Amino acid sequence: MTLTVEIRHRQGDFTLDVVFQSEGGVTALFGRSGSGKTSVLRMLGGLTRPNEGRLVLDGEVLFDSARGVSIPPHRRRFGYVFQEPRLFPHLTVRQNLFYGHWFAGRARTGAKEPSRILDMLGIAHLAERRPGNLSGGEQQRVSIGRALLSAPRMLLMDEPLSALDEARKAEILPYLERLRDELDLPILYVSHSVSEVARLADRVVVLADGRVEATGNASKILGAVSPATGREAGSVLSGRVTAVDAASGLATIGLSGTQLVVPKGALEMGRALRVHIPAREVLLATVRPQGISALNVLEGTIQSISLTGDGAADIQLACGGEYVQARLTALSVQRLHMVVGMPVHAIIKTVALGVR
Amino acid sequence: MGDLSLSAQEWAAISLSLKVSLVAMLASLPFGIVVAYVLARGRFWGKSLLNGVVHLPLILPPVVTGYVLLILFGRRGPIGAFLADNFGIVLSFRWTGAALACAVMGFPLLVRSIRLSIEAVDLKLEEAAGTLGASRALVFLTITLPLILPGVLAGMILSFAKAMGEFGATITFVSNIPGETQTLSAAIYTFTQVPGGDAGALRLTLIAIAISMAALLASEALAHVVSKRIKPQ
């Protein structure tokens, strides 16, 4: 799968000039609000017409201003998940789910088994209810199921969690991870949340003021401090759940050469996942600390120290085969005489870890 | 005065009124939906002109509307002559002409009610339906139309009620011929003009009240059922 996006668009004072490519997997369109993420997604879906540009999905031209081509939204075959669930109030949950399925007609033969998608999202038991009787989280899961059942070639998700509270977000995120891992469906995911992007995305396209500021894999982009990542900048580590302890509510994640203890949440044994460690949540100690509450003490060596100029310092550590970012004050760096190559202990509170 | 049994002329007036009103309502419904949709969603030159023309029968004296219809749709009128020569349809002094007059008089009420409910439909739902593979026509049929159903029903009842009560335009356009164009209102008017017609007028008045009440109650019940289906709780 290859998606090529080239858009130039003016709307009042705002200019959008965006060029990027997306291969399979999950690509996050990441940036602060007002950076043009949603506009780009709407143009892809055919809901807004760009002034100029080209949109091509696997060789099929969806939009080309030079040639006057513009395929209407209902023939683009993208699954679009909006910020709000947008369920049809006059239809039951089942009728909502199968709305697009019915229009997909012959194209749906290649699609996944509907019952499998409903099970994966945990919504099979809601089928006979009315959308108005569902909780916010259930509604959004139905809306995701509805998009998936329309046999899309690609899923476009516009901050699907932003209208939900923290508890509902935590309820849906594991379902999104399952979709990513179990369906072979490319996803373009718009978000301004570092923790969501860290958990879901393979690649990240950073937008700022209508322009592409950076593209790259998720750990590289989210490790760098930028206006887009802000206070949430940090490292993204990939691992697998090696132990789950129901009694303490904790899970252990095996990483290369080290491990982390995180809140159990909805994690199951063997599950592959990414953990986002915000740099400001990491403490450094020059000796192994005694009698502290934090459950994660990782041994590592300092790889680099960069002063930010406003009294802070960003430090990169190598812990086993992983890299962890820490943000300290420049004063601490000076007092502890930190230099590159020095062995240190990184202390990370379990409750601060991104598996919320 | 105490005799409640209806004469043949009274029966004819009642059944004619029901027929004329039903035909007027049903025949104007498709046009009403199209015009309401265009006024609610369209952006084009002359939109306020169209809006004005649609609402004109509401403001004009009914006699004027009836006379305009007579000029346009009479045997020698431009539209009337065309319909008669090409399709053999004659409207003037026929019950079909009464239906046309009633439809025109009820049209602003029908359009207004449907237009308001179209404007209340969340465009985001239509957008979502489009991304799920429904063309614009199918979005209208499967999303917009079911959502505006309460407004459409209300408009239909208003149009029907207006047709039942219509007098001025009808009598001007198609006159007052018993059995052909003499509707309930025209019959009541006729009875009040002849000596000894009071009993007939009273009987028809009671019937008119009963029909109007029944229509109102039916619309309330329908609207209740429909809105419950659309918005649970």
# chains A, B, ... in the order shown; residues from 1 in each chain; ligands from 1

$ closest_atom_pairs --of "chain A" --to "chain B" --cutoff "10 Å" --atoms "only C-alpha atoms" --output "JSON lines"
{"residue": "A:Gly45", "atom": "CA", "partner": "B:Thr131", "partner_atom": "CA", "distance": 7.1}
{"residue": "A:Gly46", "atom": "CA", "partner": "B:Thr131", "partner_atom": "CA", "distance": 8.3}
{"residue": "A:Leu47", "atom": "CA", "partner": "B:Glu127", "partner_atom": "CA", "distance": 7.4}
{"residue": "A:Pro72", "atom": "CA", "partner": "B:Ser135", "partner_atom": "CA", "distance": 8.4}
{"residue": "A:Pro73", "atom": "CA", "partner": "B:Thr131", "partner_atom": "CA", "distance": 5.4}
{"residue": "A:His74", "atom": "CA", "partner": "B:Gly133", "partner_atom": "CA", "distance": 3.9}
{"residue": "A:Arg75", "atom": "CA", "partner": "B:Gly133", "partner_atom": "CA", "distance": 6.2}
{"residue": "A:Arg76", "atom": "CA", "partner": "B:Thr131", "partner_atom": "CA", "distance": 7.8}
{"residue": "A:Arg77", "atom": "CA", "partner": "B:Gly133", "partner_atom": "CA", "distance": 6.8}
{"residue": "A:Phe78", "atom": "CA", "partner": "B:Thr131", "partner_atom": "CA", "distance": 6.8}
{"residue": "A:Gly79", "atom": "CA", "partner": "B:Thr131", "partner_atom": "CA", "distance": 6.8}
{"residue": "A:Tyr80", "atom": "CA", "partner": "B:Thr131", "partner_atom": "CA", "distance": 6.3}
{"residue": "A:Val81", "atom": "CA", "partner": "B:Ala128", "partner_atom": "CA", "distance": 8.4}
{"residue": "A:Phe82", "atom": "CA", "partner": "B:Ala128", "partner_atom": "CA", "distance": 8.1}
{"residue": "A:Glu84", "atom": "CA", "partner": "B:Lys124", "partner_atom": "CA", "distance": 9.3}
{"residue": "A:Pro85", "atom": "CA", "partner": "B:Ala128", "partner_atom": "CA", "distance": 9.3}
{"residue": "A:Arg86", "atom": "CA", "partner": "B:Leu125", "partner_atom": "CA", "distance": 5.7}
{"residue": "A:Leu87", "atom": "CA", "partner": "B:Leu125", "partner_atom": "CA", "distance": 7.2}
{"residue": "A:Phe88", "atom": "CA", "partner": "B:Leu125", "partner_atom": "CA", "distance": 6.6}
{"residue": "A:Pro89", "atom": "CA", "partner": "B:Ile230", "partner_atom": "CA", "distance": 5.6}
{"residue": "A:His90", "atom": "CA", "partner": "B:Ile230", "partner_atom": "CA", "distance": 4.3}
{"residue": "A:Leu91", "atom": "CA", "partner": "B:Ile230", "partner_atom": "CA", "distance": 7.7}
{"residue": "A:Thr92", "atom": "CA", "partner": "B:Arg229", "partner_atom": "CA", "distance": 9.7}
{"residue": "A:Asn96", "atom": "CA", "partner": "B:Ala129", "partner_atom": "CA", "distance": 9.8}
{"residue": "A:Phe98", "atom": "CA", "partner": "B:Leu132", "partner_atom": "CA", "distance": 9.7}
{"residue": "A:Tyr99", "atom": "CA", "partner": "B:Leu132", "partner_atom": "CA", "distance": 7.2}
{"residue": "A:Gly100", "atom": "CA", "partner": "B:Leu132", "partner_atom": "CA", "distance": 4.5}
{"residue": "A:His101", "atom": "CA", "partner": "B:Leu132", "partner_atom": "CA", "distance": 8.0}
{"residue": "A:Trp102", "atom": "CA", "partner": "B:Gly133", "partner_atom": "CA", "distance": 8.8}
{"residue": "A:Phe103", "atom": "CA", "partner": "B:Gly133", "partner_atom": "CA", "distance": 5.5}
{"residue": "A:Ala104", "atom": "CA", "partner": "B:Gly133", "partner_atom": "CA", "distance": 6.6}
{"residue": "A:Gly105", "atom": "CA", "partner": "B:Gly133", "partner_atom": "CA", "distance": 9.7}
{"residue": "A:Arg130", "atom": "CA", "partner": "B:Pro232", "partner_atom": "CA", "distance": 7.3}
{"residue": "A:Pro131", "atom": "CA", "partner": "B:Pro232", "partner_atom": "CA", "distance": 8.5}
{"residue": "A:Gly132", "atom": "CA", "partner": "B:Pro232", "partner_atom": "CA", "distance": 6.0}
{"residue": "A:Asn133", "atom": "CA", "partner": "B:Pro232", "partner_atom": "CA", "distance": 7.4}
{"residue": "A:Ser143", "atom": "CA", "partner": "B:Ala128", "partner_atom": "CA", "distance": 9.8}
{"residue": "A:Arg146", "atom": "CA", "partner": "B:Leu132", "partner_atom": "CA", "distance": 8.1}
{"residue": "A:Ala147", "atom": "CA", "partner": "B:Leu132", "partner_atom": "CA", "distance": 6.7}
{"residue": "A:Leu148", "atom": "CA", "partner": "B:Leu132", "partner_atom": "CA", "distance": 9.5}
{"residue": "A:Leu149", "atom": "CA", "partner": "B:Leu132", "partner_atom": "CA", "distance": 9.1}
{"residue": "A:Ser150", "atom": "CA", "partner": "B:Leu132", "partner_atom": "CA", "distance": 6.1}
{"residue": "A:Ala151", "atom": "CA", "partner": "B:Leu132", "partner_atom": "CA", "distance": 9.1}
{"residue": "A:Pro152", "atom": "CA", "partner": "B:Leu132", "partner_atom": "CA", "distance": 8.7}

$ residues_around --residues "A:Leu298" --least-positions-apart "6" --cutoff "10 Å" --atoms "only C-alpha atoms" --output "NGL selection string"
:A and (258-260 or 284 or 288 or 317-320 or 324 or 344-348)

$ residues_around --residues "stretch 66-71 of chain B" --least-positions-apart "6" --cutoff "6 Å" --atoms "only C-alpha atoms" --output "PyMOL selection string"
chain B and resi 77+169+172-173

$ write_last_selection --atoms "N, CA and C atoms" --output "JSON list (two decimals), in the first residue's frame"
[["chain", "number", "residue", "atom", "x", "y", "z"],
["B", 77, "GLY", "N", -56.19, 29.86, -20.53],
["B", 77, "GLY", "CA", -54.94, 30.31, -19.90],
["B", 77, "GLY", "C", -53.75, 29.59, -20.53],
["B", 169, "ALA", "N", -59.93, 30.70, -2.69],
["B", 169, "ALA", "CA", -59.25, 30.39, -3.94],
["B", 169, "ALA", "C", -60.04, 29.35, -4.73],
["B", 172, "THR", "N", -63.22, 30.79, -6.33],
["B", 172, "THR", "CA", -62.89, 31.70, -7.43],
["B", 172, "THR", "C", -62.43, 30.92, -8.67],
["B", 173, "PHE", "N", -61.63, 29.87, -8.44],
["B", 173, "PHE", "CA", -61.04, 29.13, -9.56],
["B", 173, "PHE", "C", -62.04, 28.13, -10.17]]

$ residues_around --residues "A:Leu173" --least-positions-apart "5" --cutoff "10 Å" --atoms "only C-alpha atoms" --output "PyMOL selection string"
chain A and resi 160-161+168+178-179+196+199-200+266+355-356

$ closest_residue --among "A:Val26, A:Leu207, A:Val282, A:Val297" --to "A:Thr329" --atoms "only C-alpha atoms"
A:Val282

$ select_by_dssp --residues "stretch 41-215 of chain A" --states "strand (DSSP E)" --output "VMD selection string"
chain A and resid 52 to 57 60 to 64 69 to 70 78 to 81 154 to 158 187 to 191 203 to 208 211 to 215

$ write_last_selection --atoms "C-alpha atoms" --output "compact mmCIF listing (two decimals), in the first residue's frame"
# COMPACT_ATOMS: atom_id res chain seq x y z
CA GLU A 52 -4.45 22.26 -5.64
CA GLY A 53 -2.73 18.94 -5.34
CA ARG A 54 -2.77 15.24 -5.96
CA LEU A 55 -3.96 12.31 -3.87
CA VAL A 56 -3.03 8.83 -5.09
CA LEU A 57 -3.74 5.51 -3.39
CA GLU A 60 -5.45 5.13 -8.29
CA VAL A 61 -5.81 8.89 -8.59
CA LEU A 62 -8.39 10.09 -6.05
CA PHE A 63 -7.82 13.76 -6.69
CA ASP A 64 -5.73 15.67 -9.19
CA VAL A 69 -10.10 14.52 -11.25
CA SER A 70 -12.02 14.31 -7.98
CA PHE A 78 -11.76 4.90 2.99
CA GLY A 79 -13.12 3.98 6.40
CA TYR A 80 -13.51 7.31 8.18
CA VAL A 81 -13.71 7.48 11.98
CA MET A 154 -7.50 2.25 4.45
CA LEU A 155 -8.76 3.59 7.76
CA LEU A 156 -8.71 7.35 8.39
CA MET A 157 -9.07 8.17 12.08
CA ASP A 158 -9.54 11.78 13.20
CA ILE A 187 -4.33 3.37 9.17
CA LEU A 188 -3.78 7.12 9.04
CA TYR A 189 -4.27 8.33 12.60
CA VAL A 190 -4.66 12.01 13.44
CA SER A 191 -3.78 12.93 17.00
CA ARG A 203 5.57 6.21 11.49
CA VAL A 204 4.86 9.81 12.39
CA VAL A 205 4.31 12.83 10.17
CA VAL A 206 4.60 16.01 12.25
CA LEU A 207 2.53 18.95 11.05
CA ALA A 208 3.08 22.52 12.22
CA ARG A 211 3.53 22.29 6.84
CA VAL A 212 5.26 18.96 7.35
CA GLU A 213 7.89 19.61 10.00
CA ALA A 214 9.33 16.12 10.27
CA THR A 215 8.65 12.53 9.25

$ decode --residues "stretch 51-84 of chain B" --atoms "N, CA and C atoms" --output "PDB file, in the first residue's frame"
ATOM      1  N   ASN B  51     -38.314  31.617  -2.671  1.00  0.00           N
ATOM      2  CA  ASN B  51     -38.896  31.603  -1.332  1.00  0.00           C
ATOM      3  C   ASN B  51     -40.139  32.492  -1.290  1.00  0.00           C
ATOM      4  N   GLY B  52     -40.031  33.665  -1.921  1.00  0.00           N
ATOM      5  CA  GLY B  52     -41.161  34.586  -1.958  1.00  0.00           C
ATOM      6  C   GLY B  52     -42.352  34.009  -2.690  1.00  0.00           C
ATOM      7  N   VAL B  53     -42.093  33.426  -3.864  1.00  0.00           N
ATOM      8  CA  VAL B  53     -43.183  32.866  -4.674  1.00  0.00           C
ATOM      9  C   VAL B  53     -43.898  31.759  -3.909  1.00  0.00           C
ATOM     10  N   VAL B  54     -43.100  30.902  -3.221  1.00  0.00           N
ATOM     11  CA  VAL B  54     -43.689  29.793  -2.476  1.00  0.00           C
ATOM     12  C   VAL B  54     -44.608  30.320  -1.365  1.00  0.00           C
ATOM     13  N   HIS B  55     -44.178  31.419  -0.726  1.00  0.00           N
ATOM     14  CA  HIS B  55     -44.948  31.924   0.407  1.00  0.00           C
ATOM     15  C   HIS B  55     -46.082  32.861   0.014  1.00  0.00           C
ATOM     16  N   LEU B  56     -46.112  33.242  -1.267  1.00  0.00           N
ATOM     17  CA  LEU B  56     -47.093  34.227  -1.716  1.00  0.00           C
ATOM     18  C   LEU B  56     -48.543  33.867  -1.352  1.00  0.00           C
ATOM     19  N   PRO B  57     -48.985  32.615  -1.564  1.00  0.00           N
ATOM     20  CA  PRO B  57     -50.392  32.279  -1.263  1.00  0.00           C
ATOM     21  C   PRO B  57     -50.753  32.493   0.205  1.00  0.00           C
ATOM     22  N   LEU B  58     -49.723  32.519   1.081  1.00  0.00           N
ATOM     23  CA  LEU B  58     -49.983  32.718   2.502  1.00  0.00           C
ATOM     24  C   LEU B  58     -50.402  34.161   2.781  1.00  0.00           C
ATOM     25  N   ILE B  59     -49.878  35.084   1.956  1.00  0.00           N
ATOM     26  CA  ILE B  59     -50.067  36.510   2.220  1.00  0.00           C
ATOM     27  C   ILE B  59     -51.169  37.103   1.344  1.00  0.00           C
ATOM     28  N   LEU B  60     -51.246  36.639   0.081  1.00  0.00           N
ATOM     29  CA  LEU B  60     -52.240  37.179  -0.841  1.00  0.00           C
ATOM     30  C   LEU B  60     -53.657  36.842  -0.359  1.00  0.00           C
ATOM     31  N   PRO B  61     -54.627  37.709  -0.659  1.00  0.00           N
ATOM     32  CA  PRO B  61     -56.017  37.319  -0.419  1.00  0.00           C
ATOM     33  C   PRO B  61     -56.312  36.056  -1.241  1.00  0.00           C
ATOM     34  N   PRO B  62     -56.960  35.049  -0.654  1.00  0.00           N
ATOM     35  CA  PRO B  62     -57.220  33.795  -1.383  1.00  0.00           C
ATOM     36  C   PRO B  62     -57.918  34.025  -2.711  1.00  0.00           C
ATOM     37  N   VAL B  63     -58.760  35.033  -2.764  1.00  0.00           N
ATOM     38  CA  VAL B  63     -59.473  35.313  -4.015  1.00  0.00           C
ATOM     39  C   VAL B  63     -58.475  35.662  -5.120  1.00  0.00           C
ATOM     40  N   VAL B  64     -57.433  36.398  -4.760  1.00  0.00           N
ATOM     41  CA  VAL B  64     -56.406  36.774  -5.743  1.00  0.00           C
ATOM     42  C   VAL B  64     -55.703  35.516  -6.255  1.00  0.00           C
ATOM     43  N   THR B  65     -55.316  34.628  -5.316  1.00  0.00           N
ATOM     44  CA  THR B  65     -54.660  33.376  -5.714  1.00  0.00           C
ATOM     45  C   THR B  65     -55.579  32.592  -6.658  1.00  0.00           C
ATOM     46  N   GLY B  66     -56.861  32.513  -6.294  1.00  0.00           N
ATOM     47  CA  GLY B  66     -57.815  31.790  -7.136  1.00  0.00           C
ATOM     48  C   GLY B  66     -57.924  32.408  -8.516  1.00  0.00           C
ATOM     49  N   TYR B  67     -57.891  33.730  -8.573  1.00  0.00           N
ATOM     50  CA  TYR B  67     -58.024  34.409  -9.859  1.00  0.00           C
ATOM     51  C   TYR B  67     -56.772  34.195 -10.718  1.00  0.00           C
ATOM     52  N   VAL B  68     -55.599  34.236 -10.054  1.00  0.00           N
ATOM     53  CA  VAL B  68     -54.346  33.969 -10.777  1.00  0.00           C
ATOM     54  C   VAL B  68     -54.387  32.551 -11.354  1.00  0.00           C
ATOM     55  N   LEU B  69     -54.889  31.611 -10.571  1.00  0.00           N
ATOM     56  CA  LEU B  69     -55.000  30.232 -11.055  1.00  0.00           C
ATOM     57  C   LEU B  69     -55.931  30.170 -12.255  1.00  0.00           C
ATOM     58  N   LEU B  70     -57.028  30.931 -12.175  1.00  0.00           N
ATOM     59  CA  LEU B  70     -57.993  30.940 -13.269  1.00  0.00           C
ATOM     60  C   LEU B  70     -57.345  31.475 -14.540  1.00  0.00           C
ATOM     61  N   ILE B  71     -56.541  32.552 -14.388  1.00  0.00           N
ATOM     62  CA  ILE B  71     -55.866  33.138 -15.550  1.00  0.00           C
ATOM     63  C   ILE B  71     -54.867  32.145 -16.148  1.00  0.00           C
ATOM     64  N   LEU B  72     -54.109  31.464 -15.247  1.00  0.00           N
ATOM     65  CA  LEU B  72     -53.047  30.572 -15.743  1.00  0.00           C
ATOM     66  C   LEU B  72     -53.597  29.222 -16.193  1.00  0.00           C
ATOM     67  N   PHE B  73     -54.502  28.652 -15.412  1.00  0.00           N
ATOM     68  CA  PHE B  73     -54.921  27.267 -15.632  1.00  0.00           C
ATOM     69  C   PHE B  73     -56.313  27.122 -16.250  1.00  0.00           C
ATOM     70  N   GLY B  74     -57.004  28.278 -16.523  1.00  0.00           N
ATOM     71  CA  GLY B  74     -58.303  28.200 -17.169  1.00  0.00           C
ATOM     72  C   GLY B  74     -58.169  27.630 -18.584  1.00  0.00           C
ATOM     73  N   ARG B  75     -59.296  27.287 -19.207  1.00  0.00           N
ATOM     74  CA  ARG B  75     -59.253  26.672 -20.541  1.00  0.00           C
ATOM     75  C   ARG B  75     -58.417  27.488 -21.527  1.00  0.00           C
ATOM     76  N   ARG B  76     -58.480  28.830 -21.395  1.00  0.00           N
ATOM     77  CA  ARG B  76     -57.750  29.670 -22.351  1.00  0.00           C
ATOM     78  C   ARG B  76     -56.441  30.192 -21.764  1.00  0.00           C
ATOM     79  N   GLY B  77     -56.193  29.862 -20.528  1.00  0.00           N
ATOM     80  CA  GLY B  77     -54.942  30.309 -19.904  1.00  0.00           C
ATOM     81  C   GLY B  77     -53.754  29.587 -20.534  1.00  0.00           C
ATOM     82  N   PRO B  78     -52.543  30.156 -20.417  1.00  0.00           N
ATOM     83  CA  PRO B  78     -51.367  29.559 -21.079  1.00  0.00           C
ATOM     84  C   PRO B  78     -51.100  28.124 -20.628  1.00  0.00           C
ATOM     85  N   ILE B  79     -51.156  27.870 -19.323  1.00  0.00           N
ATOM     86  CA  ILE B  79     -50.863  26.518 -18.849  1.00  0.00           C
ATOM     87  C   ILE B  79     -52.074  25.611 -19.045  1.00  0.00           C
ATOM     88  N   GLY B  80     -53.273  26.164 -18.774  1.00  0.00           N
ATOM     89  CA  GLY B  80     -54.489  25.376 -18.917  1.00  0.00           C
ATOM     90  C   GLY B  80     -54.688  24.890 -20.340  1.00  0.00           C
ATOM     91  N   ALA B  81     -54.458  25.775 -21.323  1.00  0.00           N
ATOM     92  CA  ALA B  81     -54.630  25.405 -22.733  1.00  0.00           C
ATOM     93  C   ALA B  81     -53.617  24.322 -23.114  1.00  0.00           C
ATOM     94  N   PHE B  82     -52.395  24.471 -22.629  1.00  0.00           N
ATOM     95  CA  PHE B  82     -51.341  23.498 -22.930  1.00  0.00           C
ATOM     96  C   PHE B  82     -51.715  22.119 -22.383  1.00  0.00           C
ATOM     97  N   LEU B  83     -52.174  22.082 -21.114  1.00  0.00           N
ATOM     98  CA  LEU B  83     -52.537  20.814 -20.485  1.00  0.00           C
ATOM     99  C   LEU B  83     -53.720  20.181 -21.212  1.00  0.00           C
ATOM    100  N   ALA B  84     -54.713  21.002 -21.597  1.00  0.00           N
ATOM    101  CA  ALA B  84     -55.905  20.477 -22.250  1.00  0.00           C
ATOM    102  C   ALA B  84     -55.575  19.939 -23.645  1.00  0.00           C
TER     103      ALA B  84
END
